[in-house]
Amino acid sequence: SPRAPAATTTVQVARPGRPGRHTLNVELSDAPEVLQAQKTMVEAWALARANFVDAEPVVGPRWEERLEAAMNAASASGDAAHAYGELRAMLASLGDKYTSYLDPKDFGAFRMSNEGELSGVGIIIAQSTSPDGASHLVVQGSLEGSPANRAGVRA
């Protein structure tokens, strides 16, 4: 069931190219997980505003209103999963397939897939074709510090 907000507060946001600040009225959740999601929303909102290549989607009242709506919907739900869904929807509203939120578990998997992880014996192999047309694997070397290297495997 929805939880009551812990507090209603205002968030002041600067408006690039315009004097003054805009005030958002948001309800902060009393659920710690939802409150953390709300903090993450503000951080993601500010990062998008500061770094988004196409300034039009992140400058102006619609982007500010999107943050306000996402934070209030998160608070009203009282559910962390719903709150993070609001964050994902807020970022999706930018219409950029490269802008999204990854939770810590997904981010760890993303980093692992991008940074890679070596496992195995640590040999570098290539496929070679002999003059008779037969295909076979050839050891080209071993990775420094690997089990193969410690065992003396060389090209």
# chains A, B, ... in the order shown; residues from 1 in each chain; ligands from 1

call {"tool": "residues_around", "arguments": {"residues": "A:Leu91", "least_positions_apart": "2", "cutoff": "10 Å", "atoms": "only C-alpha atoms", "output": "JSON, numbers by chain"}}
result
{"A": [41, 44, 45, 48, 63, 66, 67, 85, 86, 87, 88, 89, 93, 94, 95, 96, 97, 98, 99, 100, 101]}

call {"tool": "residues_around", "arguments": {"residues": "A:Ala74", "least_positions_apart": "2", "cutoff": "10 Å", "atoms": "only C-alpha atoms", "output": "ChimeraX atom specification"}}
result
/A:2,5,27-29,34-35,37-38,41,68-72,76-87

call {"tool": "atom_distance", "arguments": {"atom1": "atom CA of A:Arg150", "atom2": "atom CA of A:Gln127"}}
result
23.5 Å

call {"tool": "closest_residue", "arguments": {"among": "A:Pro32, A:Asn51, A:Gly120, A:Phe110", "to": "A:Gly145", "atoms": "only C-alpha atoms"}}
result
A:Gly120

call {"tool": "atom_distance", "arguments": {"atom1": "atom CA of A:Ile123", "atom2": "atom CA of A:Gly108"}}
result
26.6 Å

call {"tool": "select_by_dssp", "arguments": {"residues": "stretch 68-150 of chain A", "states": "helix (DSSP H, G or I)", "output": "ChimeraX atom specification"}}
result
/A:68-77,80-92,104-115,147-150

call {"tool": "residues_around", "arguments": {"residues": "A:His136", "least_positions_apart": "3", "cutoff": "9 Å", "atoms": "only C-alpha atoms", "output": "PyMOL selection string"}}
result
chain A and resi 126-130

call {"tool": "write_last_selection", "arguments": {"atoms": "C-alpha atoms", "output": "mmCIF file, in the first residue's frame"}}
result
data_model
loop_
_atom_site.group_PDB
_atom_site.id
_atom_site.type_symbol
_atom_site.label_atom_id
_atom_site.label_comp_id
_atom_site.auth_asym_id
_atom_site.auth_seq_id
_atom_site.Cartn_x
_atom_site.Cartn_y
_atom_site.Cartn_z
ATOM 1 C CA ALA A 126 45.854 -18.778 -33.627
ATOM 2 C CA GLN A 127 44.454 -20.943 -36.356
ATOM 3 C CA SER A 128 46.941 -21.849 -39.046
ATOM 4 C CA THR A 129 46.559 -23.662 -42.339
ATOM 5 C CA SER A 130 49.365 -25.951 -43.465
#

call {"tool": "atom_distance", "arguments": {"atom1": "atom CA of A:Leu137", "atom2": "atom CA of A:Ile124"}}
result
10.1 Å

call {"tool": "closest_residue", "arguments": {"among": "A:Glu56, A:Glu64, A:Asp106, A:Glu43", "to": "A:Asn25", "atoms": "only C-alpha atoms"}}
result
A:Glu64

call {"tool": "decode", "arguments": {"residues": "stretch 19-147 of chain A", "atoms": "C-alpha atoms", "output": "PDB file, in the first residue's frame"}}
result
ATOM      1  CA  PRO A  19      18.242  34.381 -14.336  1.00  0.00           C
ATOM      2  CA  GLY A  20      16.982  32.924 -11.097  1.00  0.00           C
ATOM      3  CA  ARG A  21      16.028  29.440 -10.070  1.00  0.00           C
ATOM      4  CA  HIS A  22      12.950  27.303 -10.496  1.00  0.00           C
ATOM      5  CA  THR A  23      11.314  25.727  -7.469  1.00  0.00           C
ATOM      6  CA  LEU A  24      10.028  22.171  -7.583  1.00  0.00           C
ATOM      7  CA  ASN A  25       7.650  20.931  -4.907  1.00  0.00           C
ATOM      8  CA  VAL A  26       8.398  17.310  -4.134  1.00  0.00           C
ATOM      9  CA  GLU A  27       7.351  14.799  -1.549  1.00  0.00           C
ATOM     10  CA  LEU A  28      10.221  12.928   0.057  1.00  0.00           C
ATOM     11  CA  SER A  29       9.489   9.343   0.969  1.00  0.00           C
ATOM     12  CA  ASP A  30       9.838   8.000   4.499  1.00  0.00           C
ATOM     13  CA  ALA A  31      10.978   4.645   3.026  1.00  0.00           C
ATOM     14  CA  PRO A  32      14.812   4.687   2.981  1.00  0.00           C
ATOM     15  CA  GLU A  33      15.050   2.746  -0.295  1.00  0.00           C
ATOM     16  CA  VAL A  34      12.633   5.098  -2.048  1.00  0.00           C
ATOM     17  CA  LEU A  35      14.376   8.150  -0.612  1.00  0.00           C
ATOM     18  CA  GLN A  36      17.659   6.797  -2.014  1.00  0.00           C
ATOM     19  CA  ALA A  37      15.973   6.383  -5.404  1.00  0.00           C
ATOM     20  CA  GLN A  38      14.761   9.990  -5.191  1.00  0.00           C
ATOM     21  CA  LYS A  39      18.311  11.172  -4.457  1.00  0.00           C
ATOM     22  CA  THR A  40      19.528   9.145  -7.430  1.00  0.00           C
ATOM     23  CA  MET A  41      16.850  10.798  -9.595  1.00  0.00           C
ATOM     24  CA  VAL A  42      18.178  14.247  -8.735  1.00  0.00           C
ATOM     25  CA  GLU A  43      21.744  13.141  -9.464  1.00  0.00           C
ATOM     26  CA  ALA A  44      20.771  11.548 -12.798  1.00  0.00           C
ATOM     27  CA  TRP A  45      18.684  14.594 -13.706  1.00  0.00           C
ATOM     28  CA  ALA A  46      21.616  16.927 -13.007  1.00  0.00           C
ATOM     29  CA  LEU A  47      24.100  14.711 -14.880  1.00  0.00           C
ATOM     30  CA  ALA A  48      21.833  14.582 -17.919  1.00  0.00           C
ATOM     31  CA  ARG A  49      21.314  18.322 -17.810  1.00  0.00           C
ATOM     32  CA  ALA A  50      25.061  19.006 -17.546  1.00  0.00           C
ATOM     33  CA  ASN A  51      26.263  16.424 -20.067  1.00  0.00           C
ATOM     34  CA  PHE A  52      23.513  15.737 -22.586  1.00  0.00           C
ATOM     35  CA  VAL A  53      24.748  16.610 -26.066  1.00  0.00           C
ATOM     36  CA  ASP A  54      21.407  17.887 -27.359  1.00  0.00           C
ATOM     37  CA  ALA A  55      20.480  20.567 -24.840  1.00  0.00           C
ATOM     38  CA  GLU A  56      16.859  20.957 -25.943  1.00  0.00           C
ATOM     39  CA  PRO A  57      15.426  17.942 -24.043  1.00  0.00           C
ATOM     40  CA  VAL A  58      17.132  18.869 -20.752  1.00  0.00           C
ATOM     41  CA  VAL A  59      16.727  22.630 -20.668  1.00  0.00           C
ATOM     42  CA  GLY A  60      13.413  24.113 -19.791  1.00  0.00           C
ATOM     43  CA  PRO A  61      10.332  23.482 -17.737  1.00  0.00           C
ATOM     44  CA  ARG A  62       9.403  20.091 -19.205  1.00  0.00           C
ATOM     45  CA  TRP A  63      12.603  18.456 -17.922  1.00  0.00           C
ATOM     46  CA  GLU A  64      12.117  20.098 -14.531  1.00  0.00           C
ATOM     47  CA  GLU A  65       8.485  18.979 -14.425  1.00  0.00           C
ATOM     48  CA  ARG A  66       9.566  15.447 -15.356  1.00  0.00           C
ATOM     49  CA  LEU A  67      11.853  15.317 -12.308  1.00  0.00           C
ATOM     50  CA  GLU A  68       9.123  16.676 -10.062  1.00  0.00           C
ATOM     51  CA  ALA A  69       6.579  14.142 -11.375  1.00  0.00           C
ATOM     52  CA  ALA A  70       8.999  11.207 -11.051  1.00  0.00           C
ATOM     53  CA  MET A  71       9.938  12.113  -7.485  1.00  0.00           C
ATOM     54  CA  ASN A  72       6.319  12.563  -6.417  1.00  0.00           C
ATOM     55  CA  ALA A  73       5.228   9.307  -8.067  1.00  0.00           C
ATOM     56  CA  ALA A  74       8.081   7.486  -6.341  1.00  0.00           C
ATOM     57  CA  SER A  75       7.081   8.877  -2.970  1.00  0.00           C
ATOM     58  CA  ALA A  76       3.410   8.082  -3.487  1.00  0.00           C
ATOM     59  CA  SER A  77       4.178   4.470  -4.391  1.00  0.00           C
ATOM     60  CA  GLY A  78       6.403   3.815  -1.373  1.00  0.00           C
ATOM     61  CA  ASP A  79       8.041   1.076  -3.449  1.00  0.00           C
ATOM     62  CA  ALA A  80      11.726   1.146  -4.406  1.00  0.00           C
ATOM     63  CA  ALA A  81      11.214  -0.887  -7.589  1.00  0.00           C
ATOM     64  CA  HIS A  82       8.512   1.554  -8.708  1.00  0.00           C
ATOM     65  CA  ALA A  83      10.760   4.500  -7.806  1.00  0.00           C
ATOM     66  CA  TYR A  84      13.602   3.179  -9.933  1.00  0.00           C
ATOM     67  CA  GLY A  85      11.071   2.555 -12.705  1.00  0.00           C
ATOM     68  CA  GLU A  86      10.191   6.246 -12.521  1.00  0.00           C
ATOM     69  CA  LEU A  87      13.889   7.084 -12.825  1.00  0.00           C
ATOM     70  CA  ARG A  88      14.221   4.857 -15.895  1.00  0.00           C
ATOM     71  CA  ALA A  89      11.104   6.459 -17.427  1.00  0.00           C
ATOM     72  CA  MET A  90      12.434   9.950 -16.726  1.00  0.00           C
ATOM     73  CA  LEU A  91      15.663   9.155 -18.570  1.00  0.00           C
ATOM     74  CA  ALA A  92      13.797   7.334 -21.353  1.00  0.00           C
ATOM     75  CA  SER A  93      11.772  10.500 -21.939  1.00  0.00           C
ATOM     76  CA  LEU A  94      14.946  12.036 -23.380  1.00  0.00           C
ATOM     77  CA  GLY A  95      14.545   9.752 -26.393  1.00  0.00           C
ATOM     78  CA  ASP A  96      18.208   8.717 -26.382  1.00  0.00           C
ATOM     79  CA  LYS A  97      18.924   4.992 -26.544  1.00  0.00           C
ATOM     80  CA  TYR A  98      22.308   5.503 -24.862  1.00  0.00           C
ATOM     81  CA  THR A  99      20.939   7.290 -21.791  1.00  0.00           C
ATOM     82  CA  SER A 100      19.614   4.905 -19.171  1.00  0.00           C
ATOM     83  CA  TYR A 101      19.925   3.899 -15.547  1.00  0.00           C
ATOM     84  CA  LEU A 102      21.671   0.694 -14.517  1.00  0.00           C
ATOM     85  CA  ASP A 103      21.167  -0.537 -10.996  1.00  0.00           C
ATOM     86  CA  PRO A 104      24.370  -1.553  -9.158  1.00  0.00           C
ATOM     87  CA  LYS A 105      24.009  -5.240 -10.089  1.00  0.00           C
ATOM     88  CA  ASP A 106      23.446  -4.508 -13.788  1.00  0.00           C
ATOM     89  CA  PHE A 107      26.259  -1.933 -13.755  1.00  0.00           C
ATOM     90  CA  GLY A 108      28.643  -4.551 -12.365  1.00  0.00           C
ATOM     91  CA  ALA A 109      27.690  -6.958 -15.153  1.00  0.00           C
ATOM     92  CA  PHE A 110      28.076  -4.171 -17.729  1.00  0.00           C
ATOM     93  CA  ARG A 111      31.565  -3.314 -16.465  1.00  0.00           C
ATOM     94  CA  MET A 112      32.549  -6.974 -16.482  1.00  0.00           C
ATOM     95  CA  SER A 113      31.428  -7.374 -20.091  1.00  0.00           C
ATOM     96  CA  ASN A 114      33.215  -4.188 -21.183  1.00  0.00           C
ATOM     97  CA  GLU A 115      36.395  -4.632 -19.197  1.00  0.00           C
ATOM     98  CA  GLY A 116      36.571  -8.362 -19.668  1.00  0.00           C
ATOM     99  CA  GLU A 117      37.900 -10.975 -17.371  1.00  0.00           C
ATOM    100  CA  LEU A 118      40.603 -13.414 -18.253  1.00  0.00           C
ATOM    101  CA  SER A 119      40.345 -16.981 -17.148  1.00  0.00           C
ATOM    102  CA  GLY A 120      41.913 -20.240 -18.227  1.00  0.00           C
ATOM    103  CA  VAL A 121      45.530 -21.171 -18.780  1.00  0.00           C
ATOM    104  CA  GLY A 122      46.591 -17.917 -20.434  1.00  0.00           C
ATOM    105  CA  ILE A 123      47.829 -18.969 -23.840  1.00  0.00           C
ATOM    106  CA  ILE A 124      47.536 -17.002 -27.054  1.00  0.00           C
ATOM    107  CA  ILE A 125      46.515 -19.225 -29.938  1.00  0.00           C
ATOM    108  CA  ALA A 126      45.854 -18.778 -33.627  1.00  0.00           C
ATOM    109  CA  GLN A 127      44.454 -20.943 -36.356  1.00  0.00           C
ATOM    110  CA  SER A 128      46.941 -21.849 -39.046  1.00  0.00           C
ATOM    111  CA  THR A 129      46.559 -23.662 -42.339  1.00  0.00           C
ATOM    112  CA  SER A 130      49.365 -25.951 -43.465  1.00  0.00           C
ATOM    113  CA  PRO A 131      50.443 -26.286 -47.139  1.00  0.00           C
ATOM    114  CA  ASP A 132      48.273 -29.394 -47.487  1.00  0.00           C
ATOM    115  CA  GLY A 133      45.176 -27.362 -46.446  1.00  0.00           C
ATOM    116  CA  ALA A 134      44.835 -28.846 -42.979  1.00  0.00           C
ATOM    117  CA  SER A 135      43.791 -26.406 -40.268  1.00  0.00           C
ATOM    118  CA  HIS A 136      45.341 -26.539 -36.798  1.00  0.00           C
ATOM    119  CA  LEU A 137      45.916 -24.385 -33.724  1.00  0.00           C
ATOM    120  CA  VAL A 138      49.310 -22.834 -33.048  1.00  0.00           C
ATOM    121  CA  VAL A 139      50.463 -21.478 -29.675  1.00  0.00           C
ATOM    122  CA  GLN A 140      51.752 -17.950 -30.259  1.00  0.00           C
ATOM    123  CA  GLY A 141      52.694 -17.219 -26.676  1.00  0.00           C
ATOM    124  CA  SER A 142      51.445 -16.962 -23.123  1.00  0.00           C
ATOM    125  CA  LEU A 143      50.112 -14.077 -21.071  1.00  0.00           C
ATOM    126  CA  GLU A 144      52.476 -12.732 -18.460  1.00  0.00           C
ATOM    127  CA  GLY A 145      51.667 -14.067 -15.001  1.00  0.00           C
ATOM    128  CA  SER A 146      49.338 -16.747 -16.358  1.00  0.00           C
ATOM    129  CA  PRO A 147      49.544 -20.444 -15.438  1.00  0.00           C
TER     130      PRO A 147
END
